[in-house]
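Reviewing the structure listed below.
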Amino acid sequence: MAEPEKPRKHDVMISYNWDNKETVLKIREKLRENGISCWIDVENMSGSTLEAMSAAVENCTIFLMCYSGKYSESNNCQAEAEYAKQKGKIIIPCKMERGYEACGWLGFLLGSKLFFEFSGKYPFENKMNDLLREIKVRLNMETDDKLSTEVQKSLRTEDRPIAKNEGADISRIVKEFQVHDVEGARHIAHSPPDKFWIGYEKSIALIDSEGNKLSEIQRYRFTFGAHSVTKEGHLVYLSGVSVKRYLSESSSENFITGTNVDGWKARSIYASHRTGDVIVGLQNEGKGIGKLAVYDNEGTYKQTIENDANEKPLYTWPRYVTDNINGDIVTSDWYGGIVATDQAGTHRFTYNLSIPRAVVTDSNGRIFGCNNTPKIHVLDQNGKFLMNILTGSKDVFSLYIHQDTELYAGYDSAKKIVVYKL
């Protein structure tokens, strides 16, 4: 008797409801054009439905969950998604229905995961390019191991002169340490003199300088730059529909309320040590726009920064916020890049950085920003590119500058902090 044919491995399994078949097939074709193998039931189904589906999940690397209201009502879709989670697959959600808010089993499974929207709200090509970048990073299709090795070598050697226009890395690794008992390192805020608040998933952890977790705060949902430390040393953080101020391990108080109204949701927060102001980044997902709300150090509202001189939105999703020595407010915006305005809210410049992550500044006015590339971009205070600091990894999510001499970089999946000399 011939042995049964072994299931073929594939990069991506696409899970979807048939109401979205047309868009899903477009996604599949784009994936194939980029050398990404796919499993989709329109062409692969045979024999027992459960056996075929389970084999598809078991043999994929990425589970592409194209969800909608109809998807949430399908027993088969639920079985696929829950089995993918059980098997530890990389789940990338794609929202197929405009305005749909997942709840029940689907809301629980999605949690705080980022999603790519294919509901027609945004141009298909734009979202497809974003999705392709994410999938390629997850599949390590863009990783250059040789480059990574050479970069790490260069970071550990003594500083070398910079040739004109070379864009060379002038920093080196001072130290690195693991962050223990956490799920990532997506945001860093310094808690003087020698501790840090680290943000990940739905929690914030206080760690010491060796990466040991000292305490933890549970939050309602995960966002990126969702906590900050005031110049007085108080932790402020987003929690549900309010901004809270941390008092002790067992106590927090409402600091700012009324942020999440009329479709707006708080996504990021920054407490300025220069002005004392607290800046909250908000997103209106239904309208696809963002804004900043500025409060004084007592939590009293001061102003909103939302549009440029032509009344066009400056932001889509403000994920991290900081300020600069010249008074500028600098924002890492999901689709907009690095956006700078003056204190009055007048647009100064936008630096085109694809899907940026953390952004920080130093006392010289330099701006440091990272994204899903193995380098940190360094700009002057007017948005002019100065150089790259090469890291050799696309895992850097968070940044913090210590006394203008050291750059702390949080590696999310590796759960570690690497300190570079500036």
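Numbering starts fresh at 1 for the residues of each chain in the structure tokens, the chains themselves are lettered A, B, ... in the order given, and ligands are numbered from 1 as they appear.
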
Write out as a PyMOL selection string all residues of range 230-372 of chain A that DSSP puts in strand (DSSP E) for this structure's backbone. chain A and resi 235-239+242-248+251-256+264-271+278-284+289-295+301-305+318-323+329-333+337-341+347-351+359-361+367-370

Met128 in chain A environment, 12 Å, only C-alpha atoms, sequence neighbours closer than 2 positions dropped, as number ranges by chain | A: 23-24, 26-31, 33-34, 94, 115-120, 122-126, 130-135

Tell me which protein, DNA and RNA residues are within 9 Å of Ala226 in chain A, counting only C-alpha atoms, leaving out same-chain ones fewer than 3 positions away, and put them as a short mmCIF file (atom, residue, chain, number, x, y, z; two decimals) with N, CA, C and O atoms, in the first residue's frame.
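Output (part_16.cif):
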data_model
loop_
_atom_site.label_atom_id
_atom_site.label_comp_id
_atom_site.auth_asym_id
_atom_site.auth_seq_id
_atom_site.Cartn_x
_atom_site.Cartn_y
_atom_site.Cartn_z
N HIS A 187 7.70 49.78 24.95
CA HIS A 187 7.83 51.18 25.37
C HIS A 187 8.68 51.24 26.63
O HIS A 187 8.57 50.37 27.51
N GLY A 199 6.50 48.79 28.76
CA GLY A 199 5.15 48.49 28.30
C GLY A 199 5.12 47.31 27.36
O GLY A 199 5.99 47.15 26.50
N PHE A 222 -4.03 47.09 25.14
CA PHE A 222 -2.66 47.44 24.79
C PHE A 222 -2.62 48.52 23.73
O PHE A 222 -3.34 48.48 22.75
N THR A 223 -1.81 49.53 23.96
CA THR A 223 -1.40 50.45 22.91
C THR A 223 0.10 50.62 23.05
O THR A 223 0.71 50.09 23.97
N VAL A 236 2.16 58.10 34.65
CA VAL A 236 0.81 58.29 34.13
C VAL A 236 0.64 57.32 32.97
O VAL A 236 1.57 57.08 32.19
N TYR A 237 -0.56 56.74 32.85
CA TYR A 237 -0.74 55.71 31.84
C TYR A 237 -2.19 55.64 31.39
O TYR A 237 -3.11 56.05 32.11
N LEU A 238 -2.38 55.11 30.17
CA LEU A 238 -3.71 54.94 29.62
C LEU A 238 -4.33 53.68 30.22
O LEU A 238 -3.69 52.63 30.29
N SER A 239 -5.59 53.80 30.63
CA SER A 239 -6.29 52.66 31.20
C SER A 239 -7.77 52.81 30.91
O SER A 239 -8.44 53.65 31.50
N ALA A 266 -7.90 57.08 23.19
CA ALA A 266 -6.53 57.42 23.54
C ALA A 266 -5.59 56.28 23.17
O ALA A 266 -5.84 55.13 23.49
N ARG A 267 -4.50 56.63 22.47
CA ARG A 267 -3.56 55.61 22.00
C ARG A 267 -2.15 55.80 22.55
O ARG A 267 -1.35 54.87 22.57
N SER A 268 -1.80 57.00 22.97
CA SER A 268 -0.43 57.26 23.44
C SER A 268 -0.45 58.43 24.42
O SER A 268 -1.41 59.21 24.46
N ILE A 269 0.61 58.55 25.20
CA ILE A 269 0.70 59.63 26.17
C ILE A 269 2.16 60.00 26.38
O ILE A 269 3.05 59.14 26.29
N TYR A 270 2.39 61.29 26.63
CA TYR A 270 3.76 61.76 26.91
C TYR A 270 3.69 62.89 27.91
O TYR A 270 2.92 63.84 27.75
N VAL A 280 -1.73 63.72 24.98
CA VAL A 280 -2.40 62.46 24.72
C VAL A 280 -2.66 62.33 23.22
O VAL A 280 -3.25 63.23 22.61
N ARG A 319 1.18 56.94 17.71
CA ARG A 319 1.56 55.78 18.54
C ARG A 319 2.56 56.14 19.63
O ARG A 319 2.55 55.53 20.70
N TYR A 320 3.47 57.06 19.35
CA TYR A 320 4.42 57.53 20.35
C TYR A 320 4.54 59.04 20.21
O TYR A 320 4.49 59.58 19.09
#

**Study point:** Proximity to Asn372 in chain A - best of A:Lys394, A:Arg219, A:Lys95, A:Lys213, only C-alpha atoms
**Key:**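 Closest to Asn372 in chain A of all the choices is A:Lys394.
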
Give me the residues within 7 Å of range 312-314 of chain A as a PyMOL selection string, counting only C-alpha atoms and dropping any in the same chain fewer than 5 places off. chain A and resi 289+306-307

Just want the 6 Å neighbourhood of Tyr295 in chain A, counted on only C-alpha atoms, with same-chain residues fewer than 2 positions away dropped. Output as a ChimeraX atom specification.
/A:277-278,299-302

Using backbone DSSP assignments, extract all helix (DSSP H, G or I) residues from range 142-340 of chain A; output them as number ranges by chain. A: 145-155

Neighbours of Trp105 in chain A within 12 Å (only C-alpha atoms; same-chain residues fewer than 6 positions away dropped), as a ChimeraX atom specification? /A:69,71-75,77-79,81-82,111

Would you write out those residues with N, CA and C atoms, as a PDB file, in the first residue's frame?
ATOM      1  N   GLY A  69     -18.116  40.320  10.566  1.00  0.00           N
ATOM      2  CA  GLY A  69     -19.252  39.858  11.347  1.00  0.00           C
ATOM      3  C   GLY A  69     -19.638  38.440  10.988  1.00  0.00           C
ATOM      4  N   TYR A  71     -17.702  36.204   9.681  1.00  0.00           N
ATOM      5  CA  TYR A  71     -16.616  35.323  10.114  1.00  0.00           C
ATOM      6  C   TYR A  71     -16.842  34.912  11.571  1.00  0.00           C
ATOM      7  N   SER A  72     -17.228  35.894  12.403  1.00  0.00           N
ATOM      8  CA  SER A  72     -17.407  35.603  13.829  1.00  0.00           C
ATOM      9  C   SER A  72     -18.567  34.651  14.076  1.00  0.00           C
ATOM     10  N   GLU A  73     -19.527  34.583  13.123  1.00  0.00           N
ATOM     11  CA  GLU A  73     -20.700  33.724  13.278  1.00  0.00           C
ATOM     12  C   GLU A  73     -20.485  32.321  12.738  1.00  0.00           C
ATOM     13  N   SER A  74     -19.354  32.103  12.069  1.00  0.00           N
ATOM     14  CA  SER A  74     -19.083  30.808  11.442  1.00  0.00           C
ATOM     15  C   SER A  74     -18.380  29.857  12.409  1.00  0.00           C
ATOM     16  N   ASN A  75     -18.960  28.680  12.604  1.00  0.00           N
ATOM     17  CA  ASN A  75     -18.339  27.682  13.474  1.00  0.00           C
ATOM     18  C   ASN A  75     -17.006  27.202  12.917  1.00  0.00           C
ATOM     19  N   CYS A  77     -14.924  28.900  10.935  1.00  0.00           N
ATOM     20  CA  CYS A  77     -13.923  29.958  11.096  1.00  0.00           C
ATOM     21  C   CYS A  77     -13.433  30.011  12.542  1.00  0.00           C
ATOM     22  N   GLN A  78     -14.351  29.875  13.477  1.00  0.00           N
ATOM     23  CA  GLN A  78     -13.967  29.886  14.889  1.00  0.00           C
ATOM     24  C   GLN A  78     -13.042  28.715  15.196  1.00  0.00           C
ATOM     25  N   ALA A  79     -13.376  27.541  14.671  1.00  0.00           N
ATOM     26  CA  ALA A  79     -12.546  26.355  14.918  1.00  0.00           C
ATOM     27  C   ALA A  79     -11.142  26.551  14.360  1.00  0.00           C
ATOM     28  N   ALA A  81      -9.528  29.430  13.757  1.00  0.00           N
ATOM     29  CA  ALA A  81      -8.800  30.462  14.491  1.00  0.00           C
ATOM     30  C   ALA A  81      -8.342  29.968  15.860  1.00  0.00           C
ATOM     31  N   GLU A  82      -9.213  29.274  16.558  1.00  0.00           N
ATOM     32  CA  GLU A  82      -8.849  28.797  17.883  1.00  0.00           C
ATOM     33  C   GLU A  82      -7.790  27.698  17.812  1.00  0.00           C
ATOM     34  N   GLY A 111      -7.830  40.388  20.937  1.00  0.00           N
ATOM     35  CA  GLY A 111      -7.191  41.137  22.006  1.00  0.00           C
ATOM     36  C   GLY A 111      -6.660  42.457  21.504  1.00  0.00           C
TER      37      GLY A 111
END

| task | Tell me which protein, DNA and RNA residues are within 7 Å of range 189-192 of chain A, counting only C-alpha atoms, leaving out same-chain ones fewer than 3 positions away, and put them as a PyMOL selection string. | result | chain A and resi 195-198+228-229+233+400

Convert the current residue selection to file output with C-alpha atoms, as a JSON list (two decimals), in the first residue's frame.
[["chain", "number", "residue", "atom", "x", "y", "z"],
["A", 195, "LYS", "CA", 14.42, 51.94, 37.22],
["A", 196, "PHE", "CA", 12.28, 51.71, 34.09],
["A", 197, "TRP", "CA", 8.63, 51.21, 33.27],
["A", 198, "ILE", "CA", 8.36, 48.76, 30.35],
["A", 228, "SER", "CA", 5.06, 58.15, 30.67],
["A", 229, "VAL", "CA", 6.78, 59.52, 33.76],
["A", 233, "GLY", "CA", 8.48, 61.26, 38.89],
["A", 400, "TYR", "CA", 15.02, 55.97, 25.60]]

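Nearest to Gly336 in chain A of all the residues A:Leu386, A:Ile355, A:Leu25, A:Val419 is A:Ile355, counting only C-alpha atoms.
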
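When CA of Ile217 in chain A is paired with CA of Leu110 in chain A, their separation reads 20.9 Å.
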
Between CA of Gly410 in chain A and CA of Val396 in chain A, what is the distance in Å, rounded to a tenth?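 Computing it gives 5.6 Å between the two atoms.
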
For this session: For CA of Thr405 in chain A and CA of Ser332 in chain A, quote the distance in Å rounded to one decimal.
Result: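 Going from CA of Thr405 in chain A over to CA of Ser332 in chain A covers 22.6 Å.
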